[in-house]
$ cat run37.cif   # mmCIF, C-alpha atoms
data_my_file
loop_
_atom_site.label_atom_id
_atom_site.label_comp_id
_atom_site.auth_asym_id
_atom_site.auth_seq_id
_atom_site.Cartn_x
_atom_site.Cartn_y
_atom_site.Cartn_z
CA MET E 70 -177.86 79.97 33.84
CA ALA E 71 -177.18 79.35 30.21
CA ASP E 72 -179.61 80.82 27.69
CA LEU E 73 -179.15 78.55 24.71
CA THR E 74 -180.39 78.66 21.13
CA LEU E 75 -179.39 76.03 18.57
CA VAL E 76 -179.63 76.95 14.88
CA ILE E 77 -180.05 73.83 12.77
CA GLY E 78 -180.88 72.70 9.24
CA ASN E 79 -183.72 70.41 8.09
CA LYS E 80 -184.07 67.43 10.35
CA GLN E 81 -184.52 65.10 7.38
CA PHE E 82 -181.07 65.75 5.95
CA SER E 83 -178.86 67.75 8.32
CA SER E 84 -176.67 65.15 9.95
CA TRP E 85 -174.40 67.81 11.44
CA SER E 86 -177.37 69.45 13.16
CA LEU E 87 -178.51 66.18 14.70
CA ARG E 88 -175.23 65.73 16.58
CA PRO E 89 -175.35 68.71 18.99
CA TRP E 90 -179.17 68.56 19.14
CA ILE E 91 -179.24 65.01 20.47
CA ALA E 92 -176.40 65.83 22.88
CA LEU E 93 -178.35 68.80 24.28
CA LYS E 94 -181.42 66.61 24.72
CA GLN E 95 -179.47 63.81 26.38
CA ILE E 96 -177.82 66.06 28.96
CA GLY E 97 -181.11 67.80 29.65
CA LEU E 98 -180.15 71.40 28.98
CA PRO E 99 -183.16 73.43 27.83
CA PHE E 100 -182.69 75.29 24.54
CA ARG E 101 -184.59 77.11 21.83
CA GLU E 102 -184.42 75.69 18.36
CA VAL E 103 -184.23 77.72 15.14
CA LEU E 104 -184.62 75.63 12.00
CA VAL E 105 -183.39 77.00 8.66
CA ARG E 106 -184.44 75.12 5.53
CA LEU E 107 -181.35 74.20 3.54
CA ARG E 108 -180.73 74.26 -0.23
CA ARG E 109 -183.11 77.12 -0.95
CA PRO E 110 -182.31 80.50 -2.49
CA GLU E 111 -182.89 82.29 0.82
CA THR E 112 -180.96 79.76 2.93
CA LYS E 113 -177.67 81.63 3.06
CA ALA E 114 -179.24 84.92 4.11
CA GLU E 115 -181.37 83.19 6.75
CA ILE E 116 -178.38 81.42 8.27
CA LEU E 117 -176.41 84.68 8.34
CA ASN E 118 -179.25 86.25 10.36
CA TYR E 119 -178.25 84.02 13.24
CA SER E 120 -174.79 82.68 12.49
CA PRO E 121 -172.11 85.14 11.32
CA SER E 122 -169.96 82.15 10.36
CA GLY E 123 -172.61 81.19 7.80
CA LYS E 124 -172.68 77.68 9.22
CA VAL E 125 -175.12 75.37 10.94
CA PRO E 126 -175.27 73.99 13.51
CA TYR E 127 -174.60 77.13 15.50
CA LEU E 128 -175.05 77.43 19.25
CA ILE E 129 -175.86 80.81 20.75
CA ASP E 130 -175.30 81.37 24.47
CA GLY E 131 -176.00 85.00 25.24
CA ALA E 132 -173.38 87.05 23.40
CA LEU E 133 -171.37 83.97 22.45
CA GLY E 134 -171.85 82.09 19.18
CA ILE E 135 -170.14 78.78 18.50
CA TRP E 136 -170.05 76.91 15.21
CA ASP E 137 -168.91 73.40 14.40
CA SER E 138 -170.47 70.34 16.00
CA LEU E 139 -167.30 69.23 17.76
CA ALA E 140 -166.64 72.64 19.31
CA ILE E 141 -170.29 72.82 20.41
CA LEU E 142 -170.00 69.39 22.07
CA GLU E 143 -166.89 70.53 23.97
CA TYR E 144 -168.73 73.66 25.11
CA LEU E 145 -171.74 71.65 26.31
CA ASN E 146 -169.38 69.37 28.20
CA GLU E 147 -168.00 72.42 30.01
CA LEU E 148 -171.46 73.87 30.68
CA LYS E 149 -172.63 70.71 32.41
CA PRO E 150 -169.64 68.59 33.41
CA GLU E 151 -171.73 66.41 35.70
CA ALA E 152 -173.60 65.08 32.66
CA GLU E 153 -170.33 63.43 31.52
CA LEU E 154 -170.82 64.08 27.85
CA TRP E 155 -167.29 62.68 27.57
CA PRO E 156 -166.47 59.49 29.50
CA ALA E 157 -165.20 60.05 33.06
CA ASP E 158 -162.18 57.79 32.60
CA ARG E 159 -159.24 59.58 30.96
CA SER E 160 -158.30 56.77 28.56
CA ALA E 161 -161.88 56.22 27.50
CA ARG E 162 -162.28 59.96 27.07
CA ALA E 163 -159.21 60.21 24.82
CA VAL E 164 -160.49 57.38 22.62
CA ALA E 165 -163.98 58.89 22.55
CA ARG E 166 -162.49 62.14 21.30
CA ALA E 167 -160.37 60.31 18.72
CA VAL E 168 -163.30 58.40 17.22
CA SER E 169 -165.40 61.58 17.30
CA ALA E 170 -162.69 63.56 15.52
CA GLU E 171 -162.32 60.78 12.94
CA MET E 172 -166.05 61.02 12.24
CA HIS E 173 -165.77 64.80 12.11
CA SER E 174 -163.18 64.89 9.33
CA GLY E 175 -163.54 61.56 7.58
CA PHE E 176 -165.92 59.12 5.91
CA ALA E 177 -166.50 61.27 2.85
CA ALA E 178 -167.63 58.31 0.71
CA LEU E 179 -170.09 57.10 3.33
CA ARG E 180 -171.55 60.59 3.61
CA GLN E 181 -171.77 60.98 -0.15
CA HIS E 182 -173.25 57.61 -1.07
CA LEU E 183 -175.42 56.96 1.97
CA GLY E 184 -176.64 60.47 2.69
CA MET E 185 -178.78 60.88 5.80
CA ASP E 186 -182.42 60.78 4.71
CA LEU E 187 -184.90 60.12 7.46
CA LYS E 188 -187.80 59.84 5.00
CA ARG E 189 -186.20 56.93 3.18
CA GLU E 190 -187.96 53.61 3.78
CA PRO E 191 -185.42 51.18 5.22
CA ALA E 192 -184.21 49.02 2.34
CA ARG E 193 -180.94 47.56 1.19
CA GLY E 194 -179.01 50.17 -0.76
CA GLU E 195 -176.02 49.86 -3.03
CA TRP E 196 -172.71 51.59 -2.61
CA PRO E 197 -169.23 51.61 -4.19
CA SER E 198 -166.14 50.07 -2.61
CA GLU E 199 -164.91 53.37 -1.08
CA ALA E 200 -168.15 53.57 0.90
CA ALA E 201 -167.78 49.90 1.84
CA ALA E 202 -164.33 50.67 3.24
CA ASP E 203 -165.80 53.51 5.32
CA ILE E 204 -168.55 51.21 6.58
CA GLU E 205 -165.95 48.63 7.63
CA ARG E 206 -163.95 51.26 9.48
CA VAL E 207 -167.07 52.45 11.36
CA GLN E 208 -167.87 48.86 12.28
CA SER E 209 -164.37 48.32 13.59
CA ILE E 210 -164.56 51.55 15.65
CA TRP E 211 -167.90 50.51 17.14
CA ALA E 212 -166.68 46.99 17.89
CA GLU E 213 -163.55 48.28 19.57
CA CYS E 214 -165.34 50.88 21.69
CA ARG E 215 -168.09 48.46 22.72
CA GLY E 216 -165.51 45.77 23.48
CA ARG E 217 -163.07 47.91 25.45
CA PHE E 218 -165.30 50.49 27.10
CA GLY E 219 -168.96 49.58 26.60
CA GLY E 220 -169.43 47.22 29.54
CA HIS E 221 -171.77 49.38 31.61
CA GLY E 222 -174.45 50.25 29.12
CA PRO E 223 -175.61 49.87 25.53
CA PHE E 224 -173.61 52.76 24.05
CA LEU E 225 -170.06 53.04 22.68
CA PHE E 226 -168.64 53.90 26.09
CA GLY E 227 -171.42 52.36 28.17
CA LYS E 228 -173.42 55.49 28.96
CA PHE E 229 -174.44 57.88 26.18
CA THR E 230 -171.54 60.21 25.30
CA ALA E 231 -170.64 62.77 22.68
CA ALA E 232 -169.18 59.94 20.58
CA ASP E 233 -172.68 58.49 20.25
CA ALA E 234 -173.94 61.92 19.21
CA MET E 235 -171.24 62.04 16.53
CA TYR E 236 -172.20 58.61 15.19
CA ALA E 237 -175.99 59.01 15.52
CA PRO E 238 -176.40 60.07 11.87
CA VAL E 239 -174.37 57.02 10.81
CA VAL E 240 -176.72 54.83 12.83
CA THR E 241 -179.65 56.22 10.83
CA ARG E 242 -177.77 55.60 7.57
CA PHE E 243 -176.99 52.01 8.47
CA HIS E 244 -180.66 51.55 9.38
CA ARG E 245 -182.15 53.23 6.29
CA TYR E 246 -179.73 51.70 3.77
CA GLY E 247 -179.91 48.22 5.31
CA VAL E 248 -176.21 47.92 6.10
CA PRO E 249 -175.73 44.41 7.52
CA LEU E 250 -174.34 44.40 11.08
CA ASP E 251 -173.32 41.59 13.38
CA PRO E 252 -175.63 41.13 16.39
CA ARG E 253 -173.44 43.15 18.77
CA LEU E 254 -173.34 46.16 16.48
CA ALA E 255 -177.02 45.79 15.56
CA ALA E 256 -177.80 46.02 19.28
CA TYR E 257 -175.84 49.28 19.45
CA ARG E 258 -177.67 50.65 16.39
CA ASP E 259 -181.01 49.75 17.97
CA ALA E 260 -180.07 51.35 21.28
CA VAL E 261 -179.42 54.66 19.52
CA LEU E 262 -182.61 54.40 17.42
CA ALA E 263 -184.62 53.73 20.60
CA LEU E 264 -183.46 56.91 22.36
CA PRO E 265 -186.47 59.17 22.97
CA ALA E 266 -184.52 62.11 21.54
CA MET E 267 -183.68 60.16 18.37
CA ARG E 268 -187.34 59.22 17.94
CA GLU E 269 -188.41 62.82 18.49
CA TRP E 270 -185.96 64.08 15.84
CA THR E 271 -186.97 61.36 13.37
CA GLU E 272 -190.68 62.02 13.79
CA ALA E 273 -190.14 65.74 13.28
CA ALA E 274 -188.05 65.01 10.17
CA GLN E 275 -190.81 62.86 8.72
CA ARG E 276 -193.34 65.64 9.24
CA GLU E 277 -191.23 68.21 7.36
CA PRO E 278 -192.73 69.48 4.11
CA MET U 163 -136.94 57.28 28.71
CA PRO U 164 -139.92 59.59 28.08
CA ALA U 165 -143.35 58.20 28.86
CA ARG U 166 -144.72 59.46 25.57
CA THR U 167 -144.03 58.91 21.89
CA LEU U 168 -145.39 60.84 18.95
CA VAL U 169 -145.61 59.00 15.64
CA ILE U 170 -145.37 61.45 12.75
CA GLY U 171 -144.84 61.61 8.99
CA ASN U 172 -142.11 63.47 7.12
CA LYS U 173 -141.65 66.94 8.53
CA ALA U 174 -141.42 68.52 5.09
CA TYR U 175 -144.89 67.36 4.08
CA SER U 176 -147.03 66.08 6.96
CA SER U 177 -149.13 69.03 8.01
CA TRP U 178 -151.18 67.00 10.50
CA SER U 179 -148.01 65.80 12.19
CA LEU U 180 -146.81 69.38 12.58
CA ARG U 181 -150.02 70.28 14.42
CA GLY U 182 -149.74 67.47 16.96
CA TRP U 183 -146.00 68.03 17.39
CA LEU U 184 -146.37 71.78 18.08
CA ALA U 185 -149.07 71.07 20.66
CA LEU U 186 -146.90 68.47 22.39
CA LYS U 187 -143.91 70.86 22.41
CA GLN U 188 -146.13 73.46 24.05
CA THR U 189 -146.73 71.18 27.02
CA GLY U 190 -142.99 70.91 27.74
CA LEU U 191 -143.42 67.16 28.26
CA PRO U 192 -140.44 65.11 27.07
CA PHE U 193 -141.28 62.71 24.24
CA ASP U 194 -139.75 60.34 21.72
CA GLU U 195 -140.47 60.76 18.06
CA ILE U 196 -141.05 57.99 15.52
CA LEU U 197 -140.95 59.35 11.99
CA ILE U 198 -142.50 57.31 9.18
CA PRO U 199 -141.70 58.59 5.69
CA LEU U 200 -145.02 58.79 3.84
CA ASP U 201 -145.94 57.92 0.27
CA ARG U 202 -143.49 55.01 0.03
CA PRO U 203 -144.24 51.34 -0.66
CA GLU U 204 -143.50 50.40 2.95
CA SER U 205 -145.44 53.30 4.51
CA PRO U 206 -148.83 51.56 5.00
CA ALA U 207 -147.30 48.61 6.85
CA ALA U 208 -145.24 50.94 9.03
CA LEU U 209 -148.32 53.07 9.82
CA ALA U 210 -150.42 50.02 10.64
CA ARG U 211 -148.05 49.17 13.51
CA TYR U 212 -149.03 52.35 15.33
CA SER U 213 -152.18 53.84 13.91
CA PRO U 214 -155.65 52.27 13.87
CA SER U 215 -156.78 54.72 11.20
CA LEU U 216 -153.48 54.43 9.25
CA ARG U 217 -152.98 58.14 9.68
CA VAL U 218 -150.52 60.26 11.59
CA PRO U 219 -149.98 61.75 14.08
CA VAL U 220 -150.55 59.20 16.82
CA LEU U 221 -149.68 59.90 20.44
CA ILE U 222 -148.65 56.86 22.44
CA ASP U 223 -149.13 57.55 26.13
CA GLY U 224 -148.45 54.38 28.10
CA ASP U 225 -151.01 51.81 26.97
CA LEU U 226 -153.09 54.45 25.26
CA ARG U 227 -152.93 55.31 21.57
CA ILE U 228 -154.61 58.54 20.55
CA TRP U 229 -155.09 59.37 16.91
CA GLU U 230 -156.66 62.50 15.36
CA THR U 231 -154.93 65.80 16.03
CA ILE U 232 -157.89 67.42 17.76
CA ALA U 233 -158.17 64.51 20.19
CA ILE U 234 -154.42 64.68 20.88
CA ILE U 235 -154.67 68.40 21.63
CA GLU U 236 -157.61 67.86 24.01
CA HIS U 237 -155.73 65.08 25.80
CA LEU U 238 -152.61 67.22 26.18
CA ALA U 239 -154.68 70.19 27.38
CA GLU U 240 -156.04 67.98 30.16
CA LEU U 241 -152.62 66.56 31.08
CA VAL U 242 -150.90 69.95 31.28
CA PRO U 243 -153.57 72.61 31.81
CA GLU U 244 -150.95 75.26 32.61
CA ALA U 245 -149.53 74.98 29.07
CA GLY U 246 -152.51 77.04 27.88
CA LEU U 247 -153.36 74.81 24.92
CA TRP U 248 -156.80 76.33 25.17
CA PRO U 249 -157.38 79.93 26.30
CA ARG U 250 -158.39 80.31 29.94
CA ASP U 251 -161.38 82.51 29.26
CA ARG U 252 -164.44 80.40 28.40
CA THR U 253 -165.59 82.58 25.50
CA SER U 254 -162.13 82.62 23.92
CA ARG U 255 -161.81 78.90 24.51
CA ALA U 256 -165.08 78.18 22.71
CA HIS U 257 -163.98 80.44 19.85
CA ALA U 258 -160.56 78.73 19.68
CA ARG U 259 -162.19 75.31 19.52
CA ALA U 260 -164.61 76.44 16.81
CA ILE U 261 -161.84 77.65 14.50
CA ALA U 262 -159.67 74.63 15.31
CA ALA U 263 -162.58 72.34 14.42
CA GLU U 264 -163.25 74.31 11.23
CA MET U 265 -159.61 73.81 10.23
CA HIS U 266 -159.88 70.13 11.14
CA THR U 267 -162.75 69.42 8.79
CA GLY U 268 -162.52 72.12 6.16
CA PHE U 269 -160.31 73.83 3.61
CA ALA U 270 -160.12 70.73 1.42
CA GLN U 271 -159.29 72.64 -1.78
CA LEU U 272 -156.54 74.65 -0.16
CA ARG U 273 -155.01 71.50 1.23
CA ARG U 274 -155.20 69.70 -2.10
CA ASP U 275 -154.01 72.48 -4.41
CA LEU U 276 -151.44 74.11 -2.13
CA PRO U 277 -150.03 71.19 -0.15
CA MET U 278 -147.53 71.78 2.62
CA ASP U 279 -144.05 71.49 1.14
CA LEU U 280 -141.27 72.92 3.28
CA LYS U 281 -138.67 72.09 0.63
CA ARG U 282 -140.27 74.36 -1.92
CA ALA U 283 -138.50 77.67 -2.63
CA PRO U 284 -141.29 80.27 -2.18
CA ALA U 285 -142.88 80.99 -5.55
CA PRO U 286 -146.41 81.76 -6.72
CA ARG U 287 -148.68 79.06 -8.06
CA ALA U 288 -152.00 79.73 -9.80
CA TYR U 289 -155.03 78.36 -7.98
CA PRO U 290 -158.76 78.20 -8.75
CA ASP U 291 -161.47 80.38 -7.18
CA PRO U 292 -162.55 77.90 -4.49
CA VAL U 293 -159.00 77.99 -3.10
CA ALA U 294 -159.05 81.80 -3.12
CA GLU U 295 -162.34 81.67 -1.19
CA GLU U 296 -160.86 79.34 1.39
CA ILE U 297 -157.85 81.63 1.79
CA ARG U 298 -160.23 84.56 2.33
CA ARG U 299 -162.01 82.54 5.03
CA VAL U 300 -158.68 81.79 6.75
CA GLU U 301 -157.79 85.48 6.71
CA THR U 302 -161.22 86.38 8.12
CA ILE U 303 -160.76 83.89 10.94
CA TRP U 304 -157.33 85.27 11.77
CA ALA U 305 -158.47 88.90 11.56
CA GLU U 306 -161.43 88.25 13.89
CA CYS U 307 -158.98 86.94 16.48
CA ARG U 308 -156.20 89.48 15.95
CA VAL U 309 -158.26 92.66 15.65
CA ALA U 310 -159.63 91.93 19.12
CA LYS U 311 -156.01 92.75 20.17
CA PRO U 312 -155.44 89.74 22.37
CA THR U 313 -153.04 90.48 25.18
CA GLY U 314 -150.01 88.44 26.01
CA GLY U 315 -148.57 87.69 22.61
CA PRO U 316 -148.73 87.73 18.82
CA PHE U 317 -150.86 84.62 18.37
CA LEU U 318 -154.58 84.21 17.66
CA PHE U 319 -155.56 84.47 21.32
CA GLY U 320 -152.35 86.09 22.60
CA ALA U 321 -150.15 83.24 23.79
CA PHE U 322 -149.63 80.19 21.55
CA CYS U 323 -152.57 77.77 21.81
CA GLY U 324 -154.12 74.76 20.11
CA ALA U 325 -155.74 76.95 17.44
CA ASP U 326 -152.29 78.22 16.40
CA ALA U 327 -151.05 74.63 16.14
CA MET U 328 -154.00 73.89 13.85
CA PHE U 329 -153.31 76.87 11.55
CA ALA U 330 -149.49 76.66 11.49
CA PRO U 331 -149.35 74.51 8.33
CA VAL U 332 -151.55 77.05 6.54
CA ALA U 333 -148.97 79.74 7.26
CA THR U 334 -146.33 77.59 5.55
CA ARG U 335 -148.56 77.15 2.51
CA LEU U 336 -149.21 80.87 2.20
CA ARG U 337 -145.46 81.45 2.30
CA SER U 338 -144.37 78.54 0.05
CA TYR U 339 -146.82 79.59 -2.66
CA ALA U 340 -146.23 83.33 -2.15
CA VAL U 341 -149.92 84.03 -1.61
CA PRO U 342 -150.65 87.77 -1.22
CA ILE U 343 -152.19 88.39 2.22
CA SER U 344 -153.16 91.27 4.47
CA ALA U 345 -150.72 92.94 6.86
CA VAL U 346 -152.56 91.41 9.83
CA SER U 347 -152.19 87.93 8.32
CA ALA U 348 -148.54 88.54 7.43
CA ASP U 349 -147.74 89.62 11.00
CA TYR U 350 -149.40 86.53 12.34
CA CYS U 351 -147.51 84.25 9.90
CA ASP U 352 -144.25 85.91 10.94
CA ALA U 353 -145.06 85.19 14.58
CA LEU U 354 -145.64 81.52 13.75
CA PHE U 355 -142.36 81.28 11.82
CA ASP U 356 -140.52 82.93 14.73
CA HIS U 357 -141.96 80.45 17.23
CA PRO U 358 -138.87 78.42 18.25
CA PRO U 359 -140.43 74.92 17.91
CA MET U 360 -141.72 75.93 14.47
CA ARG U 361 -138.20 76.96 13.41
CA ASP U 362 -136.87 73.60 14.56
CA TRP U 363 -139.53 71.71 12.61
CA VAL U 364 -139.01 73.73 9.42
CA ALA U 365 -135.22 73.26 9.58
CA ALA U 366 -135.62 69.52 10.15
CA GLY U 367 -138.11 69.23 7.30
CA ARG U 368 -135.77 70.97 4.88
CA ALA U 369 -132.93 68.66 5.88
CA GLU U 370 -134.89 65.46 5.21
CA PRO U 371 -133.72 63.23 2.34
CA TRP U 372 -137.15 62.23 1.07
CA ILE U 373 -138.89 64.06 -1.77
CA ILE U 374 -142.60 63.73 -2.52
CA GLU U 375 -143.69 65.02 -5.92
CA TYR U 376 -147.31 66.09 -5.73
CA PRO U 377 -149.32 65.97 -8.94
CA ARG U 378 -149.73 69.54 -10.17
CA PRO U 379 -153.36 70.69 -10.14
#

$ encode --input "run37.cif" --output "structure tokens"
Amino acid sequence: MADLTLVIGNKQFSSWSLRPWIALKQIGLPFREVLVRLRRPETKAEILNYSPSGKVPYLIDGALGIWDSLAILEYLNELKPEAELWPADRSARAVARAVSAEMHSGFAALRQHLGMDLKREPARGEWPSEAAADIERVQSIWAECRGRFGGHGPFLFGKFTAADAMYAPVVTRFHRYGVPLDPRLAAYRDAVLALPAMREWTEAAQREP
Amino acid sequence: MPARTLVIGNKAYSSWSLRGWLALKQTGLPFDEILIPLDRPESPAALARYSPSLRVPVLIDGDLRIWETIAIIEHLAELVPEAGLWPRDRTSRAHARAIAAEMHTGFAQLRRDLPMDLKRAPAPRAYPDPVAEEIRRVETIWAECRVAKPTGGPFLFGAFCGADAMFAPVATRLRSYAVPISAVSADYCDALFDHPPMRDWVAAGRAEPWIIEYPRP
């Protein structure tokens, strides 16, 4: 039996931490949570206490430590294959990994100008054209996944998958910065926001000092 | 006619293409190659025919188009598990994926200031501290794998795997810009340059007619 600990940053801001956390919750694997407050003088030393890579999120399973959200998601998929954290169909799975990897390495302008902030009151924000281009690309990814693979549920590939975990922080950004979405994509956004795990994370973020 | 096609950029410059290509070679699957010279007026239109994100590489497998190198490697690892694109041992596999993912999303300064350029005659270039820090991190990653003395070969986890494909372009940068590195790192870079598919790619890249002049940092 796995003995899992997830080291994360503040829930208000740490979009990378949210991704494996919500995946763990969705597949129902129990885990301990260690939260390190970011952007403080002692942050680096505290992270190094747990994570020799100096990075969060960091998953500890016994003697094994894994950094990077995408690598953690792959590990969780192997720990509990029956949870189908990646879609069961090979084509859908390949596309799910592609859109997840694109999120993993891209969208710098979106991340810079619409930073995840779960204490922000939802209101229309402003952003430069590079961020607008990122937003359009996300919308086209969501529309394509929902259109091609989303028939059997409200998520990108029908059921909740790792791709939804990867885009969950983007969902909160679109919500908090009032990014206009067509009704199909708004329904997807709302499905993610309505997840019990998403609500639990958001409530905890709003209680942070 | 092979069932698969890999769409890549110029071999001299496209580090992402090299990663996907090395992984595909490792599977032994036959494939066609479509090479799109990058950084030319017609490049965006040519890319748009194949790549939803306008980036390379893209693997075309029947009706399926897979972009993003990491996703291509995962797909190939599933298609041909015996190719060993990920280590068999679960702990090593998790470690390999962590460093591959770190390469996928990180090392931005190194990639910007010391771009892959297989046509460059090896010569030093000055670089700022953040690049030096990223090079130290690369060497730490390699040392953590190599000092564990993996059996079965000279690569990060012994035999060539997806993590080696991810780091192969970094080895070319260290060599092209004559970066001083540890003996462990140098041995590992030599192993990558001796890897037969890598030799083929480097030779092809040097023979290409196209030149891209990067702005000097």

$ closest_residue --input "run37.cif" --among "U:Ala285, U:Ala256, U:Leu276, U:Ile196" --to "Leu221 in chain U" --atoms "all atoms listed in the file"
U:Ile196

$ closest_atom_pairs --input "run37.cif" --of "chain U" --to "chain E" --cutoff "9 Å" --atoms "only C-alpha atoms" --output "Markdown table"
| residue | atom | partner | partner_atom | distance |
| --- | --- | --- | --- | --- |
| U:Ser215 | CA | E:Arg206 | CA | 8.1 |
| U:Asp225 | CA | E:Ser160 | CA | 9.0 |
| U:Leu226 | CA | E:Ser160 | CA | 6.6 |
| U:Arg227 | CA | E:Val164 | CA | 7.9 |
| U:Ile228 | CA | E:Ala167 | CA | 6.3 |
| U:Trp229 | CA | E:Ala167 | CA | 5.7 |
| U:Glu230 | CA | E:Ala167 | CA | 5.5 |
| U:Thr231 | CA | E:Ala170 | CA | 8.1 |
| U:Ile232 | CA | E:Ala170 | CA | 6.6 |
| U:Ala233 | CA | E:Ala167 | CA | 5.0 |
| U:Ile234 | CA | E:Ala163 | CA | 7.6 |
| U:Glu236 | CA | E:Ala163 | CA | 7.9 |
| U:His237 | CA | E:Ala163 | CA | 6.1 |
| U:Arg252 | CA | E:Tyr144 | CA | 8.6 |
| U:Thr253 | CA | E:Leu133 | CA | 6.7 |
| U:Arg255 | CA | E:Tyr144 | CA | 8.7 |
| U:Ala256 | CA | E:Tyr144 | CA | 6.3 |
| U:His257 | CA | E:Ile135 | CA | 6.5 |
| U:Ala258 | CA | E:Ala140 | CA | 8.6 |
| U:Arg259 | CA | E:Ala140 | CA | 5.2 |
| U:Ala260 | CA | E:Ala140 | CA | 5.0 |
| U:Ile261 | CA | E:Asp137 | CA | 8.2 |
| U:Ala262 | CA | E:Ala140 | CA | 8.3 |
| U:Ala263 | CA | E:Ala140 | CA | 6.4 |
| U:Glu264 | CA | E:Asp137 | CA | 6.6 |
| U:His266 | CA | E:Ser174 | CA | 6.5 |
| U:Thr267 | CA | E:Ser174 | CA | 4.6 |
| U:Gly268 | CA | E:Ser174 | CA | 7.9 |

$ atom_distance --input "run37.cif" --atom1 "CA of Pro284 in chain U" --atom2 "CA of Ala325 in chain U"
24.6 Å

$ resolve_selection --input "run37.cif" --expression "the PyMOL selection byres ((chain E and resi 270) around 9)" --output "PyMOL selection string"
chain E and resi 80-81+87+90-91+265-269+271-275

$ residues_around --input "run37.cif" --residues "range 351-364 of chain U" --least-positions-apart "3" --cutoff "6 Å" --atoms "only C-alpha atoms" --output "list of chain:residue names"
U:Ala333, U:Ala348, U:Gly367

$ residues_around --input "run37.cif" --residues "Gly184 in chain E" --least-positions-apart "5" --cutoff "12 Å" --atoms "only C-alpha atoms" --output "list of chain:residue names"
E:Gln81, E:Phe82, E:Ser83, E:Ser84, E:Trp85, E:Phe176, E:Ala177, E:Ala178, E:Leu179, E:Arg189, E:Gly194, E:Trp196, E:Ala200, E:Pro238, E:Val239, E:Val240, E:Thr241, E:Arg242, E:Phe243, E:His244, E:Arg245, E:Tyr246

$ atom_distance --input "run37.cif" --atom1 "CA of Leu197 in chain U" --atom2 "CA of Ile374 in chain U"
15.2 Å

$ residues_around --input "run37.cif" --residues "range 172-189 of chain U" --least-positions-apart "4" --cutoff "7 Å" --atoms "only C-alpha atoms" --output "PyMOL selection string"
chain U and resi 197-200+218-219+231+234-235+238+242+245+278-281+324+327-328+331+359+363+366-368

$ write_last_selection --input "run37.cif" --atoms "C-alpha atoms" --output "PDB file, in the frame of the given file"
ATOM      1  CA  LEU U 197    -140.950  59.350  11.990  1.00  0.00           C
ATOM      2  CA  ILE U 198    -142.500  57.310   9.180  1.00  0.00           C
ATOM      3  CA  PRO U 199    -141.700  58.590   5.690  1.00  0.00           C
ATOM      4  CA  LEU U 200    -145.020  58.790   3.840  1.00  0.00           C
ATOM      5  CA  VAL U 218    -150.520  60.260  11.590  1.00  0.00           C
ATOM      6  CA  PRO U 219    -149.980  61.750  14.080  1.00  0.00           C
ATOM      7  CA  THR U 231    -154.930  65.800  16.030  1.00  0.00           C
ATOM      8  CA  ILE U 234    -154.420  64.680  20.880  1.00  0.00           C
ATOM      9  CA  ILE U 235    -154.670  68.400  21.630  1.00  0.00           C
ATOM     10  CA  LEU U 238    -152.610  67.220  26.180  1.00  0.00           C
ATOM     11  CA  VAL U 242    -150.900  69.950  31.280  1.00  0.00           C
ATOM     12  CA  ALA U 245    -149.530  74.980  29.070  1.00  0.00           C
ATOM     13  CA  MET U 278    -147.530  71.780   2.620  1.00  0.00           C
ATOM     14  CA  ASP U 279    -144.050  71.490   1.140  1.00  0.00           C
ATOM     15  CA  LEU U 280    -141.270  72.920   3.280  1.00  0.00           C
ATOM     16  CA  LYS U 281    -138.670  72.090   0.630  1.00  0.00           C
ATOM     17  CA  GLY U 324    -154.120  74.760  20.110  1.00  0.00           C
ATOM     18  CA  ALA U 327    -151.050  74.630  16.140  1.00  0.00           C
ATOM     19  CA  MET U 328    -154.000  73.890  13.850  1.00  0.00           C
ATOM     20  CA  PRO U 331    -149.350  74.510   8.330  1.00  0.00           C
ATOM     21  CA  PRO U 359    -140.430  74.920  17.910  1.00  0.00           C
ATOM     22  CA  TRP U 363    -139.530  71.710  12.610  1.00  0.00           C
ATOM     23  CA  ALA U 366    -135.620  69.520  10.150  1.00  0.00           C
ATOM     24  CA  GLY U 367    -138.110  69.230   7.300  1.00  0.00           C
ATOM     25  CA  ARG U 368    -135.770  70.970   4.880  1.00  0.00           C
TER      26      ARG U 368
END

$ decode --input "run37.cif" --residues "range 143-148 of chain E" --atoms "N, CA and C atoms" --output "short mmCIF file (atom, residue, chain, number, x, y, z; two decimals), in the first residue's frame"
data_model
loop_
_atom_site.label_atom_id
_atom_site.label_comp_id
_atom_site.auth_asym_id
_atom_site.auth_seq_id
_atom_site.Cartn_x
_atom_site.Cartn_y
_atom_site.Cartn_z
N GLU E 143 1.87 10.93 -13.88
CA GLU E 143 2.17 9.62 -14.48
C GLU E 143 2.34 8.56 -13.39
N TYR E 144 2.99 8.93 -12.30
CA TYR E 144 3.20 7.97 -11.21
C TYR E 144 1.86 7.57 -10.58
N LEU E 145 0.99 8.54 -10.36
CA LEU E 145 -0.32 8.23 -9.78
C LEU E 145 -1.11 7.32 -10.71
N ASN E 146 -0.98 7.56 -12.00
CA ASN E 146 -1.66 6.71 -12.97
C ASN E 146 -1.18 5.26 -12.86
N GLU E 147 0.11 5.08 -12.58
CA GLU E 147 0.63 3.72 -12.43
C GLU E 147 0.22 3.10 -11.09
N LEU E 148 0.13 3.95 -10.06
CA LEU E 148 -0.24 3.43 -8.74
C LEU E 148 -1.67 2.89 -8.74
#
